[in-house]
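What follows is a single structure, written as structure tokens, with notes after it.
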Amino acid sequence: MLIVPISALIGWWIYWYKNDYPDWAMSLRAAVSAARFGVLLIIGLMLLEPFLISMLNDVEKPKLLLYQDVSDSMDSTSSKTLVNLNEKFGNQLDEKYDVRVHQFGKSVFEASNETADDRLFTNYASVVEAVNRDYVNQNIGAVVVSSDGVQTYGTDPRYVSYNSTAPFITVAEGDTVLKPDYEVSEVLANELAFLNNTLQVKARISANVLDGKSTEVQLLQDGEVLAAQTFEVKTSSMVKELTFNVEATRIGLNKFTVRVVADPAEENLLNNSLEAFVDVLDNRTQVLILAKNPHPDIAAFKAAIETVDQYEVEVQLLEDWDEKYENVDLAILHALPTGSGDLNKLKVFRDNKIPVFSILTPSVSLLHYKQLDLGLNLASVRKKTDKAGVYLNDGFNLFKSTPNDELARYPPMSVLFGDYSLSSDGQLLLKQRIGPVETDKPLLGYTSADGWKRAFLLGDGWWRWRLYERMRLDKSWTDDVLVKTVQYLALKQKKTRLRITAPNKVNEGVAVRFEGEYYNESFELVNDENLELKLSDSLDRTFDFKFKPTGSGYELSLGALDPGDYQWEARIQSKGQTFTEKGEFIVVQNKAEFFQLRADHRFLKDWTMAYDGTHFPTNNIESLATHLLNLDTAKPLIHTTKEWNSIIEWKWLAILIILLISIEWFLRKFNGYY
């Protein structure tokens with residue numbers, strides 16, 4: 001408050017009180033004193049660092065979320081409902097809403113981010129999850145979903161929580177009229193079969209609006225009809241199961257197709273056939289479990305191994321064994337040997353280098369165990385046991401082991417007390433945990449010195465782990481470890497310098513991945529050479545790819561491929577030598593969207609009722625637009641914010657000061673004063 005009178009007093013004192021300018025007119029004195037007053041006033045106010053407070057109002061329109069089903073079951077006309085809504089009423093909707101248009105199939109996606117399998121399935125739960133995730137705590141005016149009501153993937157949306165108070169609206173699409181149609185709804189066959197064995201292929205066939213007609217159901221392989229049966233339709237809606245028996249004559253992945261000969265009245269022919277894939281093996285892998293006495297671990301081992309059809313397990317006590325080993329691919333020795341008599345029987349596995357998995361217990365004779373050379377060095381071991389927990393060895397790389405964060409809670413295992421170590425070429429998968437301390441003592445290890453694969457488990461109590469998992473956890477980690485152990489030990493690998501790991505069956509929309517390993521002359525794993533892949537499809541087109549070095553090996557992702565049969569050849573050249581590996585795989589067409597082309601509007605109504613929403617029938621865009629425009633709950637939000645602006649930052653004040661000083665100086669100079 002003092003700045004105004006002080007500034008005025010200084011201007012008055014200079015140009016009026018001192019009377020140094022007697023010949024100036026009153027108007028001139030007033031002008032120069034006003035200029036001086038203005039300069040002093042502005043500078044004084046700026047010294048106070050004043051601020052101006054502005055109140056800013058930001059109006060947020062309610063969001064209108066539109067989700068259009070664009071899965072393969074939707075034809076091109078019915079999948080444009082929301083597009084037509086925007087074209088006809090877009091201007092009116094934009095005045096009230098912030099309109100956001102989305103597409104969905106297997107998941108909610110934008111057109112620029114569409115993946116290979118987004119249109120292969122319909123997943124309504126993904127829409128609700130997207131609303132909950134992407135628009136949490138936002139002003140949503142309404143959510144509109146346009147679809148045919150046929151779900152082929154994911155959770156039933158009626159049981160997914162909708163975390164918004166915005167009105168939920170469904171728009172029915174598609175035709176609900178039941179049309180003449182044959183459908184192969186399911187084909188069942190064992191995943192594994194054995195050469196020259198008879199395998200069964202079962203098919204479930206349905207017929208709608210074809211009563212009184214008959215057709216032929218065929219079983220095909222490589223385009224050749226292996227068997228056929230007549231299907232007579234007796235009612236308007238009929239389901240029948242057919243069984244085909246066929247002999248497995250080709251090793252490898254076999255594709256069997258069940259096909260219904262189409263009726264002229266049918267419109268949808270994509271569901272008239274369905275495939276089953278059977279991997280035909282030369283013979284089963286024979287696993288022999290030899291034990292001194294019955295034990296719960298033996299039953300646990302047998303049950304776990306037999307989860308894979310490829311393995312055939314035989315359990316015998318050593319005293320009952322006929323000592324035939326010629327057909328044995330893997331021997332599991334439980335609590336053996338206990339003396340020289342046992343040793344004499346078991347030497348055949350050592351002498352013939354048959355893979356052995358040994359389980360050590362206190363009853364084992366360590367003196368005779370050493371003579372079997374099973375890969376474990378025993379320094380000083382006493383016939384006492386200790387309780388030990390377990391943890392995974394991070395450096396293990398013989399095969400991919402499944403992580404398990406619950407291992408610390410597993411029941412302790414009874415292990416032999418003493419000093420022991422693994423042979424120099426071996427690796428440990430599991431190590432002992434004594435109390436809270438993670439030790440380097442082995443528990444489960446592997447070795448393959450001289451090409452002879454062996455594994456050992458130091459103790460018993462595996463059955464407790466398996467029981468613990470079934471009582472407390474929803475997993476079968478122990479079975480997984482045991483099966484992978486058997487796979488590693490019993491696998492008869494060719495000693496080749498190039499090894500390729502490739503799938504034999506891939507579902508449509510899933511990326512096809514290859515892994516490669518190359519060994520130099522000393523059979524050391526290296527990846528300093530170019531590894532190439534040539535891919536051929538069923539149309540005789542060829543494509544060339546290069547593997548990417550990773551770690552000590554190679555990897556290659558081909559992305560998602562079109563359905564069909566593919567052959568591949570991997571090739572690497574090194575020092576004038578060429579190494580190749582060949583194989584084939586099948587990309588299976590996804591037909592989930594074509595099994596039911598009849599719209600299910602009842603499902604959409606039930607879904608809407610679960611969220612207390614509104615359902616609109618097909619081709620009712622005008623009513624939908626009117627409903628959206630008249631929604632009372634869809635209101636804008638006004639966000640008020642304060643904005644503090646410092647006057648010192650105003651550049652025009654500096655310009656004004658300079659201008660006033662210049663005016664005063666000019667008037668003084670013009671009238672003869674400095």
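Naming works like this for the structure tokens: A, B, ... for the chains as they're shown, residue 1 at the start of each chain, ligands 1 onward in shown order.
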- Could you pull the residues within 7 Å of Ala189 (chain A), counting only C-alpha atoms, minus those fewer than 4 positions along the same chain, as an NGL selection string? :A and (200-202 or 276)
Those same residues, written as a short mmCIF file (atom, residue, chain, number, x, y, z; two decimals), in the first residue's frame with C-alpha atoms?
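Result written to selection.cif:
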data_model
loop_
_atom_site.label_atom_id
_atom_site.label_comp_id
_atom_site.auth_asym_id
_atom_site.auth_seq_id
_atom_site.Cartn_x
_atom_site.Cartn_y
_atom_site.Cartn_z
CA GLN A 200 -9.00 -96.66 -32.63
CA VAL A 201 -10.26 -93.37 -34.01
CA LYS A 202 -13.60 -92.27 -32.55
CA ALA A 276 -6.59 -86.33 -35.14
#
- Task: Name all residues at most 8 Å from Arg158 (chain A) (count only C-alpha atoms; drop same-chain ones fewer than 5 positions away) and give them as a ChimeraX atom specification.
- Result: /A:606-607,610
Would you export the selected residues with N, CA and C atoms as a PDB file, in the first residue's frame, please?
ATOM      1  N   ASP A 606     -28.426 -63.237 -21.410  1.00  0.00           N
ATOM      2  CA  ASP A 606     -28.049 -63.679 -20.059  1.00  0.00           C
ATOM      3  C   ASP A 606     -26.843 -62.900 -19.556  1.00  0.00           C
ATOM      4  N   TRP A 607     -25.894 -62.667 -20.441  1.00  0.00           N
ATOM      5  CA  TRP A 607     -24.701 -61.905 -20.069  1.00  0.00           C
ATOM      6  C   TRP A 607     -25.096 -60.483 -19.677  1.00  0.00           C
ATOM      7  N   ALA A 610     -26.704 -60.322 -16.281  1.00  0.00           N
ATOM      8  CA  ALA A 610     -25.752 -60.490 -15.181  1.00  0.00           C
ATOM      9  C   ALA A 610     -25.166 -59.153 -14.753  1.00  0.00           C
TER      10      ALA A 610
END
- Task: Write down as a ChimeraX atom specification the residues of region 29-251 of chain A whose backbone DSSP state falls under strand (DSSP E).
- Result: /A:51-60,63-69,98-104,108-109,140-147,168-172,181-188,192-194,198-208,214-221,224-232,237-247
- Message: When you count only C-alpha atoms, which of these residues is closest to Leu498 (chain A): A:Ala570, A:Val308, A:Val128, A:Leu429?
- Response: A:Ala570
- Near region 288-303 of chain A, counting only C-alpha atoms, which residues have an atom at most 7 Å away, once you skip same-chain residues fewer than 2 positions from it, shown as a list in words?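 Here the qualifying residues turn out to be Gln286, Ile305, Glu306, Thr307, Val313, Glu314, Val315, Gln316, Leu317, Leu318, Val328, Leu330, Ala331, Ile332, Leu333, His334, Ala335, Leu336, Asp460, Gly461, Trp462 and Trp463 of chain A.
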Please, could you write that set of residues out with N, CA and C atoms as a PDB file, in the first residue's frame?
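Saved to result.pdb:
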ATOM      1  N   GLN A 286      11.394 -99.580 -22.559  1.00  0.00           N
ATOM      2  CA  GLN A 286      11.252-100.537 -21.466  1.00  0.00           C
ATOM      3  C   GLN A 286      12.041-100.065 -20.247  1.00  0.00           C
ATOM      4  N   ILE A 305       6.208 -92.461 -14.020  1.00  0.00           N
ATOM      5  CA  ILE A 305       6.720 -92.808 -15.350  1.00  0.00           C
ATOM      6  C   ILE A 305       5.592 -93.220 -16.278  1.00  0.00           C
ATOM      7  N   GLU A 306       4.597 -93.906 -15.744  1.00  0.00           N
ATOM      8  CA  GLU A 306       3.508 -94.393 -16.586  1.00  0.00           C
ATOM      9  C   GLU A 306       2.518 -93.305 -16.975  1.00  0.00           C
ATOM     10  N   THR A 307       2.745 -92.076 -16.526  1.00  0.00           N
ATOM     11  CA  THR A 307       1.924 -90.978 -17.033  1.00  0.00           C
ATOM     12  C   THR A 307       2.227 -90.691 -18.501  1.00  0.00           C
ATOM     13  N   VAL A 313       6.676 -99.909 -17.779  1.00  0.00           N
ATOM     14  CA  VAL A 313       7.432-100.117 -16.542  1.00  0.00           C
ATOM     15  C   VAL A 313       7.166-101.518 -16.003  1.00  0.00           C
ATOM     16  N   GLU A 314       8.247-102.200 -15.645  1.00  0.00           N
ATOM     17  CA  GLU A 314       8.150-103.507 -14.999  1.00  0.00           C
ATOM     18  C   GLU A 314       8.874-103.428 -13.657  1.00  0.00           C
ATOM     19  N   VAL A 315       8.218-103.867 -12.594  1.00  0.00           N
ATOM     20  CA  VAL A 315       8.788-103.840 -11.247  1.00  0.00           C
ATOM     21  C   VAL A 315       9.041-105.273 -10.788  1.00  0.00           C
ATOM     22  N   GLN A 316      10.265-105.537 -10.322  1.00  0.00           N
ATOM     23  CA  GLN A 316      10.605-106.874  -9.823  1.00  0.00           C
ATOM     24  C   GLN A 316      11.531-106.753  -8.626  1.00  0.00           C
ATOM     25  N   LEU A 317      11.394-107.711  -7.719  1.00  0.00           N
ATOM     26  CA  LEU A 317      12.403-107.860  -6.674  1.00  0.00           C
ATOM     27  C   LEU A 317      13.609-108.548  -7.287  1.00  0.00           C
ATOM     28  N   LEU A 318      14.782-108.171  -6.816  1.00  0.00           N
ATOM     29  CA  LEU A 318      16.008-108.703  -7.422  1.00  0.00           C
ATOM     30  C   LEU A 318      16.064-110.227  -7.351  1.00  0.00           C
ATOM     31  N   VAL A 328      15.934-104.131 -22.037  1.00  0.00           N
ATOM     32  CA  VAL A 328      15.843-103.074 -21.030  1.00  0.00           C
ATOM     33  C   VAL A 328      16.506-101.809 -21.569  1.00  0.00           C
ATOM     34  N   LEU A 330      16.260 -98.848 -19.656  1.00  0.00           N
ATOM     35  CA  LEU A 330      16.675 -98.129 -18.456  1.00  0.00           C
ATOM     36  C   LEU A 330      16.421 -99.021 -17.248  1.00  0.00           C
ATOM     37  N   ALA A 331      17.422 -99.118 -16.373  1.00  0.00           N
ATOM     38  CA  ALA A 331      17.285 -99.881 -15.133  1.00  0.00           C
ATOM     39  C   ALA A 331      17.282 -98.913 -13.954  1.00  0.00           C
ATOM     40  N   ILE A 332      16.272 -99.029 -13.101  1.00  0.00           N
ATOM     41  CA  ILE A 332      16.199 -98.246 -11.870  1.00  0.00           C
ATOM     42  C   ILE A 332      16.475 -99.202 -10.715  1.00  0.00           C
ATOM     43  N   LEU A 333      17.548 -98.947 -10.001  1.00  0.00           N
ATOM     44  CA  LEU A 333      17.981 -99.825  -8.906  1.00  0.00           C
ATOM     45  C   LEU A 333      17.651 -99.153  -7.582  1.00  0.00           C
ATOM     46  N   HIS A 334      16.761 -99.761  -6.818  1.00  0.00           N
ATOM     47  CA  HIS A 334      16.367 -99.197  -5.535  1.00  0.00           C
ATOM     48  C   HIS A 334      17.004-100.011  -4.406  1.00  0.00           C
ATOM     49  N   ALA A 335      17.835 -99.307  -3.601  1.00  0.00           N
ATOM     50  CA  ALA A 335      18.492 -99.928  -2.434  1.00  0.00           C
ATOM     51  C   ALA A 335      19.348-101.127  -2.841  1.00  0.00           C
ATOM     52  N   LEU A 336      20.056-101.014  -3.949  1.00  0.00           N
ATOM     53  CA  LEU A 336      20.919-102.094  -4.449  1.00  0.00           C
ATOM     54  C   LEU A 336      22.279-101.519  -4.826  1.00  0.00           C
ATOM     55  N   ASP A 460      15.792 -91.669   0.428  1.00  0.00           N
ATOM     56  CA  ASP A 460      14.419 -92.070   0.114  1.00  0.00           C
ATOM     57  C   ASP A 460      13.439 -91.081   0.729  1.00  0.00           C
ATOM     58  N   GLY A 461      12.194 -91.172   0.288  1.00  0.00           N
ATOM     59  CA  GLY A 461      11.154 -90.245   0.718  1.00  0.00           C
ATOM     60  C   GLY A 461      10.530 -89.496  -0.442  1.00  0.00           C
ATOM     61  N   TRP A 462      10.827 -89.934  -1.672  1.00  0.00           N
ATOM     62  CA  TRP A 462      10.248 -89.290  -2.848  1.00  0.00           C
ATOM     63  C   TRP A 462       8.719 -89.347  -2.803  1.00  0.00           C
ATOM     64  N   TRP A 463       8.219 -90.449  -2.266  1.00  0.00           N
ATOM     65  CA  TRP A 463       6.761 -90.617  -2.204  1.00  0.00           C
ATOM     66  C   TRP A 463       6.109 -89.547  -1.328  1.00  0.00           C
TER      67      TRP A 463
END
- Given the choices A:Tyr159, A:Tyr391, A:Trp321, A:Tyr182, which gets closest to Val260 (chain A) if the distance is worked out from only C-alpha atoms? A:Tyr182
- Query: Which neighbours of Gly559 (chain A) fall inside 9 Å, counting only C-alpha atoms, when residues of the same chain fewer than 4 positions from it are skipped, and could you give them as an MDAnalysis selection string?
  - Reply: chainID A and resid 116 509:513
Please, could you write that set of residues out with C-alpha atoms as a short mmCIF file (atom, residue, chain, number, x, y, z; two decimals), in the first residue's frame?
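Printed below is selection.cif as written:
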data_model
loop_
_atom_site.label_atom_id
_atom_site.label_comp_id
_atom_site.auth_asym_id
_atom_site.auth_seq_id
_atom_site.Cartn_x
_atom_site.Cartn_y
_atom_site.Cartn_z
CA ALA A 116 -1.99 -64.03 -35.79
CA GLY A 509 -1.75 -68.87 -34.81
CA VAL A 510 1.09 -70.22 -32.64
CA ALA A 511 4.68 -69.31 -33.52
CA VAL A 512 6.82 -72.16 -34.88
CA ARG A 513 10.16 -72.31 -33.05
#
Check which residues of region 109-201 of chain A sit at most 10 Å from region 251-259 of chain A using only C-alpha atoms, and return one row each with the closest pair of atoms and their distance in Å to one decimal, ordered by chain and rising number, as JSON lines.
{"residue": "A:Tyr182", "atom": "CA", "partner": "A:Arg259", "partner_atom": "CA", "distance": 9.9}
{"residue": "A:Glu183", "atom": "CA", "partner": "A:Arg259", "partner_atom": "CA", "distance": 9.1}
{"residue": "A:Val184", "atom": "CA", "partner": "A:Arg259", "partner_atom": "CA", "distance": 7.3}
{"residue": "A:Glu186", "atom": "CA", "partner": "A:Val258", "partner_atom": "CA", "distance": 9.4}
{"residue": "A:Val187", "atom": "CA", "partner": "A:Val258", "partner_atom": "CA", "distance": 7.4}
{"residue": "A:Ala189", "atom": "CA", "partner": "A:Phe256", "partner_atom": "CA", "distance": 9.3}
{"residue": "A:Glu191", "atom": "CA", "partner": "A:Leu253", "partner_atom": "CA", "distance": 9.4}
{"residue": "A:Leu192", "atom": "CA", "partner": "A:Leu253", "partner_atom": "CA", "distance": 9.1}
{"residue": "A:Ala193", "atom": "CA", "partner": "A:Ile251", "partner_atom": "CA", "distance": 9.3}
{"residue": "A:Phe194", "atom": "CA", "partner": "A:Ile251", "partner_atom": "CA", "distance": 8.1}
{"residue": "A:Leu195", "atom": "CA", "partner": "A:Ile251", "partner_atom": "CA", "distance": 6.5}
{"residue": "A:Asn196", "atom": "CA", "partner": "A:Ile251", "partner_atom": "CA", "distance": 9.5}
{"residue": "A:Val201", "atom": "CA", "partner": "A:Phe256", "partner_atom": "CA", "distance": 8.2}
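Closest approach to Val144 (chain A) among A:Glu224, A:Glu129, A:Asp282, A:Asp69: A:Asp69, based on only C-alpha atoms.
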- Nearest candidate to Leu372 (chain A) (options A:Lys384, A:Arg100, A:Lys353, A:His601; using only C-alpha atoms): A:Lys353
- Item | Distance query Asp440 (chain A) at most 9 Å, only C-alpha atoms, self and fewer than 4 positions along chain excluded, as a list in words |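 Residues meeting the cut-off are Lys431, Gln432 and Arg433 of chain A.
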Kindly export the residues of the current selection with C-alpha atoms, as an mmCIF file, in the first residue's frame.
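Contents of selection29.cif, freshly written:
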data_model
loop_
_atom_site.group_PDB
_atom_site.id
_atom_site.type_symbol
_atom_site.label_atom_id
_atom_site.label_comp_id
_atom_site.auth_asym_id
_atom_site.auth_seq_id
_atom_site.Cartn_x
_atom_site.Cartn_y
_atom_site.Cartn_z
ATOM 1 C CA LYS A 431 21.318 -80.201 -3.836
ATOM 2 C CA GLN A 432 20.787 -80.682 -0.127
ATOM 3 C CA ARG A 433 19.486 -77.995 2.191
#
- note - CA of Ala142 (chain A) and CA of Asp94 (chain A) are separated by 13.5 Å
- helix (DSSP H, G or I) call set, DSSP backbone run, region 280-435 of chain A, as an MDAnalysis selection string: chainID A and resid 296:305 318:320 340:351 366:371 407:409
- Message: Please compute the CA of Lys605 (chain A)-CA of Asn272 (chain A) distance, one decimal, in Å.
- Response: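 Computing it gives 29.8 Å between the two atoms.
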- Task: List the neighbours of region 643-653 of chain A out to 10 Å using only C-alpha atoms; skip same-chain residues closer than 3 positions along the sequence, and give me the result as a ChimeraX atom specification.
- Result: /A:39,42-43,45-56,640,656-659
- Might you pull out every residue within 7 Å of Tyr554 (chain A), with only C-alpha atoms counted and same-chain residues fewer than 3 positions away left off, and present them as a PyMOL selection string? chain A and resi 515-517+527+547-550
- Message: Would you compute the distance between CA of Met74 (chain A) and CA of Ala125 (chain A)? Give it in Å to one decimal.
- Response: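 Taking CA of Met74 (chain A) and CA of Ala125 (chain A), their separation equals 17.8 Å.
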